[in-house]
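**Student:** Pasting in a structure now, in structure tokens, and then I'll have a few things to ask.
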Amino acid sequence: MISVYYFGAIALILIGLYAILIKRNLLKILVGLSIMETGVNLLLISIGYVSGKSAPILSEGIGPSQAVDPIPQALVLTAIVIGVATTAMALSVAILIYEKYGTLNVEEIRRLRG
Amino acid sequence: MNELFIIIFAPLVAGVIAWALDIKGIRELLGVAGAAVPLAYLIKLYPTIESDGMVNYTLNFAGFSFEFMLTHLSWVFAMIAGVVGLAAVLGIVSTAKKGYEWLFALMSLTGVYGVFIAYDLLGFFIFWEIMTFGSFMMVLKYNKAASLKYFVLSVIGAYAMLIAISIIYAKVGSFSFIEVYRAFSQDAALATVGSSPLFSRGEIALIFGLFLVAFGVKAGMFPLHVWAPDAYSETNQSYTAMFSGVLSKTGVYGFILIYMLIGYRLLYEFGTIRTVPKFGYIIAFLGGLTIIVGGILAALQEDIRKLFAYSSISQLGYILVGIGVGTALSIEASIYHAISHALFKGLFFLIVATIIYRTGKTEFKDMGGLAEKMPVTFAMAFVAILSLAGIPPMVGFASKWLIFESVISQNMPILGAMVFFGSAVGFVYLIRFTYAVWFGQRPTDLDDTKDAPLPLAIGMGILAVLNVVFGVAPGLVAQELNKIFGREVIGGTIWELNLGFGKYNGLLLTVWFVVGMLIAAIVYFMGAKVRKVPITDTYQSGNPVTMEYNLTIRRNFFLPLKEALSFWLRMSFDRFYKDVGKTVEDFAETMRNYVYNGNVQNYAWYLVIILLILAMWGV
Amino acid sequence: MGEASRISRYLYTVIVLFAIWLFLTASLDPQELGFGLLLSLIVGAFTYEIFTTNGLANLHPKRIAYAIAYIPYFLWAMIMANLDVAYRVLHPKRPINPGIVECRTVLKSDVGKLSLANSITLTPGTITLDVKGDRYFIHWIDVKDDSIEGASKNITEPFEKFLKVIFG
Amino acid sequence: MVVKRALAIITLLVIGYWLAVGLSQVPFGEDKMLIGQYYLNNVKDQTGAVNAVTAVVVNYRGFDTLGEVTVLFIASTGVGALLWKRKRKRTAKTEGSIVLTTGTRLLFPFVMLFGAYIFIHGHLTPGGGFPGGATVATAFLLLYLAYTAYEIPHRGFEVTEGLAGMGYVTVGLIGLAIGGYFLFDWIWQTWQFGTDNIGRLLSGGFIPIIYTIIGIKVGTELSGIIDNMVKEEVSE
Amino acid sequence: MSALTIIGEVLVLLGTFFYFLSALGLIRMPDVYNRMQTSTKSATLGSLGVFVGVGIWALGTDYGSIAWLTKTVVIAVFLLLTNPISAHALIRAAYKSGIPLWEGSVVDKYKEHLEAEAKTEEGGEE
Amino acid sequence: MNEQYAALLIALPLISAFFVPVFKGIGKNAVRYFLLLVTALQTGIAAWVFKEVYTTGQPIIVIAGGWKPPVGINLYIGHFAALFVLIIAVVSLVMAVFSISAVKTEPIDKYAMLFLLLMLGATGMIATGDIFNLFVFMEITAISAYALTAYNKTGEAAEASMKYIILGGIGSSFFLIGVALIYGSLGTLNMAQIAQLAATMNPTVAQVGLALIIFGLAVEAEIFPLNTWAPDAYQAAPHPITVMFSAFVVKAALYAMARLIYLMSDVGSWNSVLRMLIIMATLTVVVAELAALRQKNVKRMISYSSIAQVGLIALAFALGTQAGVDAGVFHMINHAVVKALLFLAVGYVAITIGGAEMENFKGLGKKMPWTAFAISIGAIATVGIPLFNVFWSKVRIILATIDVGYTWAAVLVLSASVVEAVYYFRLLHVIWFEGEGEKINESFVIGLMMLFLAALVVAIGVYPDYVWELARKAGEDIFNVTQYVKNVPLMGVGA
Amino acid sequence: MIGINIYLTLITIATLLSMYRVFRGPTTVDRLVAVDIMTTITTGLMVLFALYYKRMIFLDVALVYAILAFGGVIAFARYLEGGV
Ligand code: NA
Ligand code: NA
């Protein structure tokens, strides 16, 4: 039986992918990409979770044996920032595309082919 | 520096320098030197081979071990390259227009030497590629379609060879001919005693098939010959002397290698038809078809270059038949014919080069009566015609006779008939050449035609002399070839070939021939004076003349034959390959537009589908 | 009311920021205090120009007193608002009578107007839709009087008496 | 289209099942720590930080963070490059109402201060340079949203961004020079500054320094991205 | 269990109840304007309850400190300031993006104002 | 000198990129020459690292922060990385020169920054010894590549970039899931430790994790059908950037793929992953060659050709033998040189004549003989003619492929090579024998660079021993995992 | 923590109801309003978690979250209004 967090993470990943596969609007596809990334981040965080342990900040009476694994959290922080960066890039490219093509429909953005 | 290396690389080095300097005069000098030096070294090394049986050298290079060896066999083939190569290069002195022609002509010569001297499969392959590339670059300039056809078929052949080599290497672990030979012999022995052999039946068949394609392309074997007529005709004709005379012999050499390296194994695996090994029978039969197809098509050509190109194909057929029969005699006969073909076909192409160089014409309809204007060239042509037609005492007779004897001695009537047919059709197209070019009325624009320039004349001279010498003294060649087999396959003396069931005495026949020639000379000089009729007015017997049916020796001479054969002529492998090519291109186009259709959403689907496959596969 | 001097405005900003810092850290550790002051000084330097026009004048005791008095008054109004909401949401008939009305305000300062708008938004059945000069356009869930005077009396005036003093 | 949707759903479900099968062997909520436990046991002594995540982010795996900073820098540069026009201006049509503008004015210093609070306390509390920087950028975002004419001082921001980045690498290089390793925490390990201060502000070696640098960098970068996104080309 | 924790619990309970009411308003009300009427107020008050409740509650525990209360108060004040601003921005956006008022609405002074404004602008141009 | 200074390979491009906005006010040319200076310095450092590694025979382990692996992140600059970092630096240097004349689009300062960071990303991908750090460097590479692809700001450029972003985004997400699975199972991110513990990993997790990681990398490594973004990106990117994509960006992904494959060779499903990869790699070659066949745009044609070669490298890496890996590395080097030459020359034609359409190449032999010559050398080499470098590696790949028994793959690959021969043949014919034109003055500097690359092509072709020796050592570095693990100074944590 | 289940139930119901509005719309502003409510509720949830885990440090997280959410909502609102 897999945990509800894993389940949620996988669900987010699949929802994101679904948007990428089905939505015609470029912005929606990018939202899908972000949702997928969020799912992946949730997955990473969930993997580091240990039942009954607290955030790995060793203050307020929390000792090394009561804290969860700090690594996944550190990784997720990095992954989030990378996701933000990707999204920012993608948005500016989308702006450029809209400027040049006058549409955000992926089926009309295909001058490069073959 | 190693002498074998000098032989192999002297032409290339000379070519590169000649091309880089590109100074007229010097580049010609360098080119001739590049062709002469290997020949000199080959002659110089002969005593060593005579005493030690071989000259060898091993080089560790690029992480591989390359072996080089000059044996009796490779020496003979290298000598073909040396002599005909030099003659052709002399021709190129006159006909080359651009510096790079020197580079690529000589590069292909290096390739040829490498192919003959390399004693391992990889080296063989590398030089094969160099040779192919050089010759391809010689064709490229003249004709896009012709060079493309040549190129594609060559590449296919080369890659076929590469796969075969790789399969062998994967199992044997070495490229060395010696190791490969040993492994296959052992394998045959293993198979004989019933142990499981290294190579399965399928693998051995695959290797043979791949080599057949590889060597067949280069040798112009039917149905892989389609590149040859165009490539031979669409380049510098002096170079074609080398192309047809020498390069095609690498294919022949390759077929001999099949016997040398994997013959036992093939023989064991597939057995024989009567006395001929089955695999050899395939080669022989394809060779026979090559003779016929090449011969007929040669007869139908209107272009002098094309005629000899097809003739080359036809002649190569003889050699393949001999090899295919697979007895010591037949193979020796084949090598003999390889030599003579190189000599007379090299000569022919130099003659063609001279004609084109002097007249600028290539079609029979534009020629005629040139014997008068170009007596030296005509004399050369005379030798060549006799040799090709297999008239004693030229070298061509000796070799054809040997092949015929070797086929008949194995009781193979169909092949015998094919060989005979080839000779017959050879007469047919030679008549055309003889009369349309040299005799008859000369078009007025050819009145100022000069005879061959000196380098070309020297080149032709060398070849013509050898045609005669080896015809008069066939034993010179035969006794050298016997050394390859290490026993007396063809008996006799220098002047005489003795097979036990047949004899040919070159000296004796020469005497007869000289008499015949005197008669011919008389006929010619009388004929040349007597005939003076309009060119369009021959042999119509009073029938109304249409342009189409204006059959002169110079135009559409064999048109009726063409019509009679029209059904067969429609079955063109050339067209078949073109259709295959076009189908591939159309497929490529469709696939490209379908797969890379520009829609990023579809692309995302591809990714997801791969994920799906991973998921389903449970990877 | 004219603009206060730069120093006054800067000091006021720093004081406010430092006070917030104290609330954020709730620590008397000298390291925290020191860095808090330092950061307040730095951030204040960058932001005081847009943060305040009145400067230290905002700290006038009368204003502070009214501000403190305003808190319970406003909270009460807000709780009432929510009970009203609860009634409307939970009532099966959903008793509403919405519309957009216009009010006027006597407040002059921007902050005052902001406070008024926020107060309106958080209290019974009203949300500030737009403010233009002294005109407030308000979405009213239960329109009792759609005249400017009537609406003002109902909506803005109850807050203005405090806000007028606090923000001027 | 229906078929396509159905196919997509089926395909995705299979993939999802596959992922779930893989994940089912990584039991949720169980201790899988190898390196993680080492960090928890040693973080205070080795880095002076209380927040193990921060210690991992900035110190143990500082190399990742340098990369992360770079990624954001690339995005900012890339957005700037792509939306570059010879002349650009804000073309917003309606100004925010007095409610929004005044609210922004009041919030601006507070949000800035809070951003600074976040990145300077990174080694003690959750957060650090990136959330701090994002908070700072939000302050600027609010200004952009409230005022139609507002623009950040680009030149200054770009230079700040560059200098902050150089500062980060320089801190790493000083580590290389002093301690022999790139990104070596020379403040904590060589100078042993703040060893009696664990849990208080002046501890954590170079973490607060780096987080301050990152905070400034991220703040300016995100603001720059916002600036680029909201402006449009105008003819000269 | 101290008095502080009891006060805290009660406040939190009230707060979460208002959260619930807020969300219920989102469902029950007929259009976006009226949804905002119910939701913003309740959510803000709910937050107020939860934050201050937690702050007070923590004071009554062994781990709590005054910092809990000050911090929660800061958050509460922040929300008290920003939530109405959000609501204002949203309702303005709703109106300007052309979402019509509920059909039962009785008056629209803003529309009259905008029309008059447009007229003066036109006049100014002439 | 302390070998930790190899960290400068990362630090220098970074600090230089950050420096650009500080000084860019001086002027556009200052930025251009700064780029030149930095890449030259980087080449110097890379050369020093190369010399160190190849003379001592020991890898340089850069330990970030002084934390020994697996606690900290380490760079592993072994024979492969040392060699390839040098290639990256040299290609970047040459492209910095090319950029001076090839890139006129504004804003040039941003171009310079992205250029440096692309170089940095590839360097990091090749050097890192940590699987998550690999992800970070992969993203650095990818995002700078996205930006640079769109840099020309045409519709096509934006379109290509968008495709790259979407597909690359999916790929990197799944890569990260793979990393998460492996971390969840082993509790470590260090590559050496993963290799050590791979055999103990839960087989299901290992299976899914390995597959996902390879999937993610395969998108960047242009493996069919995950490579659909590549031709567009190659075509639309500024010419120097296309060279960099082909010469080292895709190679970095390929390397990462190979490295991870061999590190995890103890995983149960290893062989089926390899088989899948072999199929995909072979298809990559076949489809790309066919797609190139009738291309009207030469740059796109060569892009497809490049993808095909990449497929060949992937095939070699997927064979699972030392011979395969060696051949793959060898081909990587050769392909880097040849494609750099080709894209440089084609790009130069495009900016001089005004486009890379086939039409523009008519009469090129007369108009720009040196460039035409360079293209010819590149084309001939790519086709795999002896005496040119690619021949040796291609033969090695075929030998290695058939050695493992994948004769069908070799047959397909070689059949595709026939197609490749055809379209290069057509290009050569167009260049030399079609069309007329007046001679155009060719840039001396660019001519020099083309000459340098062409000389390299021929030099390696005529005397491959030295480079082959390098490739062999580098291949050993990838293939010999035991040695790799031994070389990384893992502290006892978690072992 | 007597009432923890009550709080969580109320908050969960509230979140689900808001979620319904997010998906249902019908206008973009409707969704946005619902999101705004959800962020407010989430802020409250974070504060509650701080208490539950006895970690004051989560309060900082809540405030950061509130700030970012506010920025986001305003940005969207201004975008819809056409005022950016
Ligand atoms: Na309200
Ligand atoms: Na809010």
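Every chain in the structure tokens takes a letter, A first, then B, and so on in the order presented; its residues are numbered from 1, and the ligands are numbered from 1 following the presented order.
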Can you list, as JSON, numbers by chain, every protein, DNA or RNA residue that comes within 9 Å of Val106 (chain E) when you count only C-alpha atoms, leaving out same-chain residues fewer than 5 positions away?
**Tutor:** {"C": [97, 98, 99, 100, 143, 146]}
**Student:** Taking the backbone alone, and naming residues the way the document does, which bits of region 2-153 of chain C are alpha helix (DSSP H) by DSSP, as number ranges by chain?
**Tutor:** C: 6-25, 30-51, 61-90, 110-122, 148-153
**Student:** Can you list, as a PyMOL selection string, all residues belonging to chain C that DSSP tags as strand (DSSP E or B)?
**Tutor:** chain C and resi 97+99-104+126-132+135-140+142
**Student:** Restricting it to N, CA, C and O atoms, dump the selection as a PDB file, in the first residue's frame.
**Tutor:**
```pdb
ATOM      1  N   ASN C  97     -29.905  41.603  -1.149  1.00  0.00           N
ATOM      2  CA  ASN C  97     -30.502  42.655  -1.944  1.00  0.00           C
ATOM      3  C   ASN C  97     -29.373  43.554  -2.435  1.00  0.00           C
ATOM      4  O   ASN C  97     -29.239  44.692  -2.040  1.00  0.00           O
ATOM      5  N   GLY C  99     -26.213  45.614  -4.581  1.00  0.00           N
ATOM      6  CA  GLY C  99     -26.085  46.678  -5.556  1.00  0.00           C
ATOM      7  C   GLY C  99     -24.826  47.486  -5.275  1.00  0.00           C
ATOM      8  O   GLY C  99     -24.143  47.262  -4.270  1.00  0.00           O
ATOM      9  N   ILE C 100     -24.498  48.385  -6.192  1.00  0.00           N
ATOM     10  CA  ILE C 100     -23.314  49.221  -5.999  1.00  0.00           C
ATOM     11  C   ILE C 100     -23.765  50.645  -5.706  1.00  0.00           C
ATOM     12  O   ILE C 100     -24.523  51.236  -6.495  1.00  0.00           O
ATOM     13  N   VAL C 101     -23.309  51.175  -4.572  1.00  0.00           N
ATOM     14  CA  VAL C 101     -23.716  52.522  -4.196  1.00  0.00           C
ATOM     15  C   VAL C 101     -22.487  53.416  -4.132  1.00  0.00           C
ATOM     16  O   VAL C 101     -21.351  52.940  -4.174  1.00  0.00           O
ATOM     17  N   GLU C 102     -22.753  54.717  -4.016  1.00  0.00           N
ATOM     18  CA  GLU C 102     -21.651  55.674  -3.933  1.00  0.00           C
ATOM     19  C   GLU C 102     -21.704  56.385  -2.594  1.00  0.00           C
ATOM     20  O   GLU C 102     -22.782  56.744  -2.117  1.00  0.00           O
ATOM     21  N   CYS C 103     -20.504  56.574  -1.975  1.00  0.00           N
ATOM     22  CA  CYS C 103     -20.421  57.333  -0.734  1.00  0.00           C
ATOM     23  C   CYS C 103     -19.397  58.441  -0.893  1.00  0.00           C
ATOM     24  O   CYS C 103     -18.584  58.412  -1.807  1.00  0.00           O
ATOM     25  N   ARG C 104     -19.441  59.375   0.035  1.00  0.00           N
ATOM     26  CA  ARG C 104     -18.398  60.419   0.076  1.00  0.00           C
ATOM     27  C   ARG C 104     -17.679  60.310   1.395  1.00  0.00           C
ATOM     28  O   ARG C 104     -18.235  59.868   2.395  1.00  0.00           O
ATOM     29  N   THR C 126     -20.424  44.945   3.003  1.00  0.00           N
ATOM     30  CA  THR C 126     -19.907  45.962   2.087  1.00  0.00           C
ATOM     31  C   THR C 126     -18.491  45.623   1.634  1.00  0.00           C
ATOM     32  O   THR C 126     -17.701  45.107   2.415  1.00  0.00           O
ATOM     33  N   ILE C 127     -18.237  45.925   0.386  1.00  0.00           N
ATOM     34  CA  ILE C 127     -16.850  45.820  -0.098  1.00  0.00           C
ATOM     35  C   ILE C 127     -16.553  47.053  -0.935  1.00  0.00           C
ATOM     36  O   ILE C 127     -17.366  47.467  -1.767  1.00  0.00           O
ATOM     37  N   THR C 128     -15.381  47.623  -0.706  1.00  0.00           N
ATOM     38  CA  THR C 128     -14.976  48.785  -1.493  1.00  0.00           C
ATOM     39  C   THR C 128     -14.597  48.332  -2.897  1.00  0.00           C
ATOM     40  O   THR C 128     -13.687  47.532  -3.075  1.00  0.00           O
ATOM     41  N   LEU C 129     -15.309  48.860  -3.870  1.00  0.00           N
ATOM     42  CA  LEU C 129     -15.023  48.456  -5.234  1.00  0.00           C
ATOM     43  C   LEU C 129     -14.012  49.404  -5.872  1.00  0.00           C
ATOM     44  O   LEU C 129     -13.089  48.984  -6.545  1.00  0.00           O
ATOM     45  N   ASP C 130     -14.193  50.686  -5.635  1.00  0.00           N
ATOM     46  CA  ASP C 130     -13.198  51.614  -6.161  1.00  0.00           C
ATOM     47  C   ASP C 130     -13.250  52.889  -5.327  1.00  0.00           C
ATOM     48  O   ASP C 130     -14.275  53.204  -4.725  1.00  0.00           O
ATOM     49  N   VAL C 131     -12.113  53.584  -5.296  1.00  0.00           N
ATOM     50  CA  VAL C 131     -12.040  54.865  -4.605  1.00  0.00           C
ATOM     51  C   VAL C 131     -11.517  55.887  -5.592  1.00  0.00           C
ATOM     52  O   VAL C 131     -10.467  55.676  -6.206  1.00  0.00           O
ATOM     53  N   LYS C 132     -12.276  56.960  -5.788  1.00  0.00           N
ATOM     54  CA  LYS C 132     -11.790  58.012  -6.681  1.00  0.00           C
ATOM     55  C   LYS C 132     -11.938  59.342  -5.966  1.00  0.00           C
ATOM     56  O   LYS C 132     -13.044  59.825  -5.764  1.00  0.00           O
ATOM     57  N   ARG C 135     -14.739  59.933  -3.490  1.00  0.00           N
ATOM     58  CA  ARG C 135     -15.906  59.113  -3.823  1.00  0.00           C
ATOM     59  C   ARG C 135     -15.574  57.638  -3.656  1.00  0.00           C
ATOM     60  O   ARG C 135     -14.635  57.142  -4.241  1.00  0.00           O
ATOM     61  N   TYR C 136     -16.370  56.965  -2.865  1.00  0.00           N
ATOM     62  CA  TYR C 136     -16.217  55.521  -2.650  1.00  0.00           C
ATOM     63  C   TYR C 136     -17.345  54.800  -3.372  1.00  0.00           C
ATOM     64  O   TYR C 136     -18.509  55.140  -3.216  1.00  0.00           O
ATOM     65  N   PHE C 137     -16.972  53.825  -4.189  1.00  0.00           N
ATOM     66  CA  PHE C 137     -17.995  52.977  -4.817  1.00  0.00           C
ATOM     67  C   PHE C 137     -17.975  51.642  -4.101  1.00  0.00           C
ATOM     68  O   PHE C 137     -16.934  51.003  -4.004  1.00  0.00           O
ATOM     69  N   ILE C 138     -19.158  51.278  -3.591  1.00  0.00           N
ATOM     70  CA  ILE C 138     -19.207  50.165  -2.662  1.00  0.00           C
ATOM     71  C   ILE C 138     -20.256  49.156  -3.074  1.00  0.00           C
ATOM     72  O   ILE C 138     -21.394  49.509  -3.411  1.00  0.00           O
ATOM     73  N   HIS C 139     -19.821  47.902  -3.081  1.00  0.00           N
ATOM     74  CA  HIS C 139     -20.784  46.829  -3.317  1.00  0.00           C
ATOM     75  C   HIS C 139     -21.421  46.500  -1.981  1.00  0.00           C
ATOM     76  O   HIS C 139     -20.764  46.162  -1.011  1.00  0.00           O
ATOM     77  N   TRP C 140     -22.756  46.624  -1.970  1.00  0.00           N
ATOM     78  CA  TRP C 140     -23.512  46.482  -0.716  1.00  0.00           C
ATOM     79  C   TRP C 140     -24.445  45.298  -0.879  1.00  0.00           C
ATOM     80  O   TRP C 140     -25.231  45.237  -1.833  1.00  0.00           O
ATOM     81  N   ASP C 142     -26.881  44.427   0.895  1.00  0.00           N
ATOM     82  CA  ASP C 142     -28.288  44.647   1.278  1.00  0.00           C
ATOM     83  C   ASP C 142     -28.564  46.145   1.192  1.00  0.00           C
ATOM     84  O   ASP C 142     -28.517  46.852   2.194  1.00  0.00           O
TER      85      ASP C 142
END
```
**Student:** Could you give me, as a ChimeraX atom specification, every polymer residue with an atom at most 10 Å away from an atom of ligand 2, counting only C-alpha atoms and all ligand atoms?
**Tutor:** /E:40,43-44,47,78-87 /G:33,35-43,65-74
**Student:** Convert the current residue selection to file output with N, CA, C and O atoms, as a short mmCIF file (atom, residue, chain, number, x, y, z; two decimals), in the first residue's frame.
**Tutor:**
```cif
data_model
loop_
_atom_site.label_atom_id
_atom_site.label_comp_id
_atom_site.auth_asym_id
_atom_site.auth_seq_id
_atom_site.Cartn_x
_atom_site.Cartn_y
_atom_site.Cartn_z
N THR E 40 -14.61 36.94 2.26
CA THR E 40 -13.45 37.69 2.73
C THR E 40 -13.56 37.98 4.22
O THR E 40 -12.61 37.77 4.97
N ALA E 43 -13.15 34.75 6.33
CA ALA E 43 -11.81 34.18 6.32
C ALA E 43 -10.87 35.03 7.15
O ALA E 43 -10.02 34.52 7.88
N THR E 44 -11.02 36.36 7.04
CA THR E 44 -10.13 37.24 7.80
C THR E 44 -10.39 37.10 9.29
O THR E 44 -9.45 36.94 10.08
N SER E 47 -9.03 33.85 10.48
CA SER E 47 -7.57 33.88 10.65
C SER E 47 -7.20 34.58 11.94
O SER E 47 -6.33 34.12 12.68
N PHE E 78 -0.91 41.55 9.46
CA PHE E 78 -0.61 41.51 8.03
C PHE E 78 -1.86 41.09 7.25
O PHE E 78 -2.24 41.73 6.26
N LEU E 79 -2.50 40.05 7.71
CA LEU E 79 -3.70 39.59 7.00
C LEU E 79 -4.82 40.61 7.09
O LEU E 79 -5.58 40.82 6.14
N LEU E 80 -4.92 41.25 8.23
CA LEU E 80 -5.97 42.26 8.42
C LEU E 80 -5.78 43.40 7.42
O LEU E 80 -6.75 43.99 6.94
N LEU E 81 -4.53 43.68 7.13
CA LEU E 81 -4.24 44.74 6.17
C LEU E 81 -4.42 44.26 4.73
O LEU E 81 -4.98 44.96 3.88
N THR E 82 -3.94 43.06 4.45
CA THR E 82 -3.88 42.65 3.04
C THR E 82 -5.17 42.00 2.55
O THR E 82 -5.51 42.15 1.37
N ASN E 83 -5.88 41.28 3.40
CA ASN E 83 -7.07 40.60 2.88
C ASN E 83 -8.09 41.56 2.30
O ASN E 83 -8.60 41.30 1.20
N PRO E 84 -8.41 42.65 2.97
CA PRO E 84 -9.35 43.58 2.33
C PRO E 84 -8.78 44.20 1.06
O PRO E 84 -9.54 44.46 0.11
N ILE E 85 -7.48 44.38 1.02
CA ILE E 85 -6.89 44.91 -0.22
C ILE E 85 -7.08 43.89 -1.34
O ILE E 85 -7.47 44.22 -2.47
N SER E 86 -6.82 42.64 -1.03
CA SER E 86 -7.03 41.58 -2.03
C SER E 86 -8.48 41.60 -2.50
O SER E 86 -8.76 41.54 -3.71
N ALA E 87 -9.38 41.66 -1.53
CA ALA E 87 -10.79 41.62 -1.88
C ALA E 87 -11.15 42.80 -2.77
O ALA E 87 -11.85 42.65 -3.78
N VAL G 33 -10.97 34.16 -6.32
CA VAL G 33 -11.49 34.42 -4.98
C VAL G 33 -11.35 33.16 -4.13
O VAL G 33 -10.89 33.19 -2.98
N VAL G 35 -9.25 30.75 -4.56
CA VAL G 35 -7.84 30.53 -4.25
C VAL G 35 -7.41 31.43 -3.10
O VAL G 35 -6.68 31.00 -2.19
N ASP G 36 -7.87 32.66 -3.16
CA ASP G 36 -7.50 33.61 -2.10
C ASP G 36 -7.96 33.08 -0.74
O ASP G 36 -7.21 33.07 0.23
N ILE G 37 -9.18 32.60 -0.70
CA ILE G 37 -9.68 32.04 0.55
C ILE G 37 -8.84 30.84 0.97
O ILE G 37 -8.46 30.68 2.14
N MET G 38 -8.50 30.02 0.01
CA MET G 38 -7.70 28.84 0.33
C MET G 38 -6.34 29.22 0.89
O MET G 38 -5.85 28.59 1.84
N THR G 39 -5.75 30.25 0.32
CA THR G 39 -4.43 30.64 0.86
C THR G 39 -4.58 31.15 2.29
O THR G 39 -3.75 30.86 3.14
N THR G 40 -5.62 31.88 2.51
CA THR G 40 -5.83 32.36 3.88
C THR G 40 -5.99 31.18 4.83
O THR G 40 -5.37 31.13 5.91
N ILE G 41 -6.79 30.22 4.42
CA ILE G 41 -7.00 29.05 5.27
C ILE G 41 -5.70 28.29 5.47
O ILE G 41 -5.37 27.83 6.57
N THR G 42 -4.92 28.18 4.39
CA THR G 42 -3.66 27.46 4.49
C THR G 42 -2.71 28.15 5.47
O THR G 42 -2.01 27.49 6.24
N THR G 43 -2.71 29.48 5.44
CA THR G 43 -1.90 30.19 6.41
C THR G 43 -2.29 29.80 7.83
O THR G 43 -1.44 29.50 8.68
N TYR G 65 4.59 32.69 3.40
CA TYR G 65 3.54 32.18 2.52
C TYR G 65 2.46 33.24 2.31
O TYR G 65 2.02 33.47 1.17
N ALA G 66 2.07 33.88 3.39
CA ALA G 66 1.02 34.90 3.28
C ALA G 66 1.46 36.03 2.35
O ALA G 66 0.69 36.51 1.52
N ILE G 67 2.71 36.43 2.50
CA ILE G 67 3.22 37.53 1.66
C ILE G 67 3.21 37.13 0.19
O ILE G 67 2.71 37.86 -0.68
N LEU G 68 3.76 35.95 -0.07
CA LEU G 68 3.84 35.52 -1.48
C LEU G 68 2.43 35.35 -2.06
O LEU G 68 2.17 35.74 -3.20
N ALA G 69 1.52 34.80 -1.26
CA ALA G 69 0.17 34.59 -1.75
C ALA G 69 -0.51 35.93 -2.05
O ALA G 69 -1.18 36.08 -3.08
N PHE G 70 -0.30 36.88 -1.17
CA PHE G 70 -0.88 38.19 -1.40
C PHE G 70 -0.38 38.78 -2.72
O PHE G 70 -1.16 39.25 -3.56
N GLY G 71 0.93 38.71 -2.89
CA GLY G 71 1.51 39.20 -4.15
C GLY G 71 0.89 38.52 -5.35
O GLY G 71 0.54 39.15 -6.34
N GLY G 72 0.75 37.20 -5.23
CA GLY G 72 0.20 36.45 -6.35
C GLY G 72 -1.23 36.85 -6.68
O GLY G 72 -1.58 37.07 -7.84
N VAL G 73 -2.05 36.97 -5.64
CA VAL G 73 -3.46 37.31 -5.86
C VAL G 73 -3.58 38.70 -6.48
O VAL G 73 -4.33 38.90 -7.46
N ILE G 74 -2.83 39.63 -5.96
CA ILE G 74 -2.89 40.98 -6.51
C ILE G 74 -2.44 40.97 -7.97
O ILE G 74 -3.05 41.61 -8.85
#
```
**Student:** Got a sec: who's within 12 Å of Ala77 (chain G), counting only C-alpha atoms, leaving out chain neighbours fewer than 5 positions off, as number ranges by chain?
**Tutor:** D: 96, 100, 142, 145-146; E: 85-97; G: 28-33, 35-36, 70-72, 82-84
**Student:** Between CA of Ile131 (chain F) and CA of Ile213 (chain F), what distance in Å does the model show, to one decimal?
**Tutor:**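 Separation of CA of Ile131 (chain F) and CA of Ile213 (chain F): 9.9 Å.
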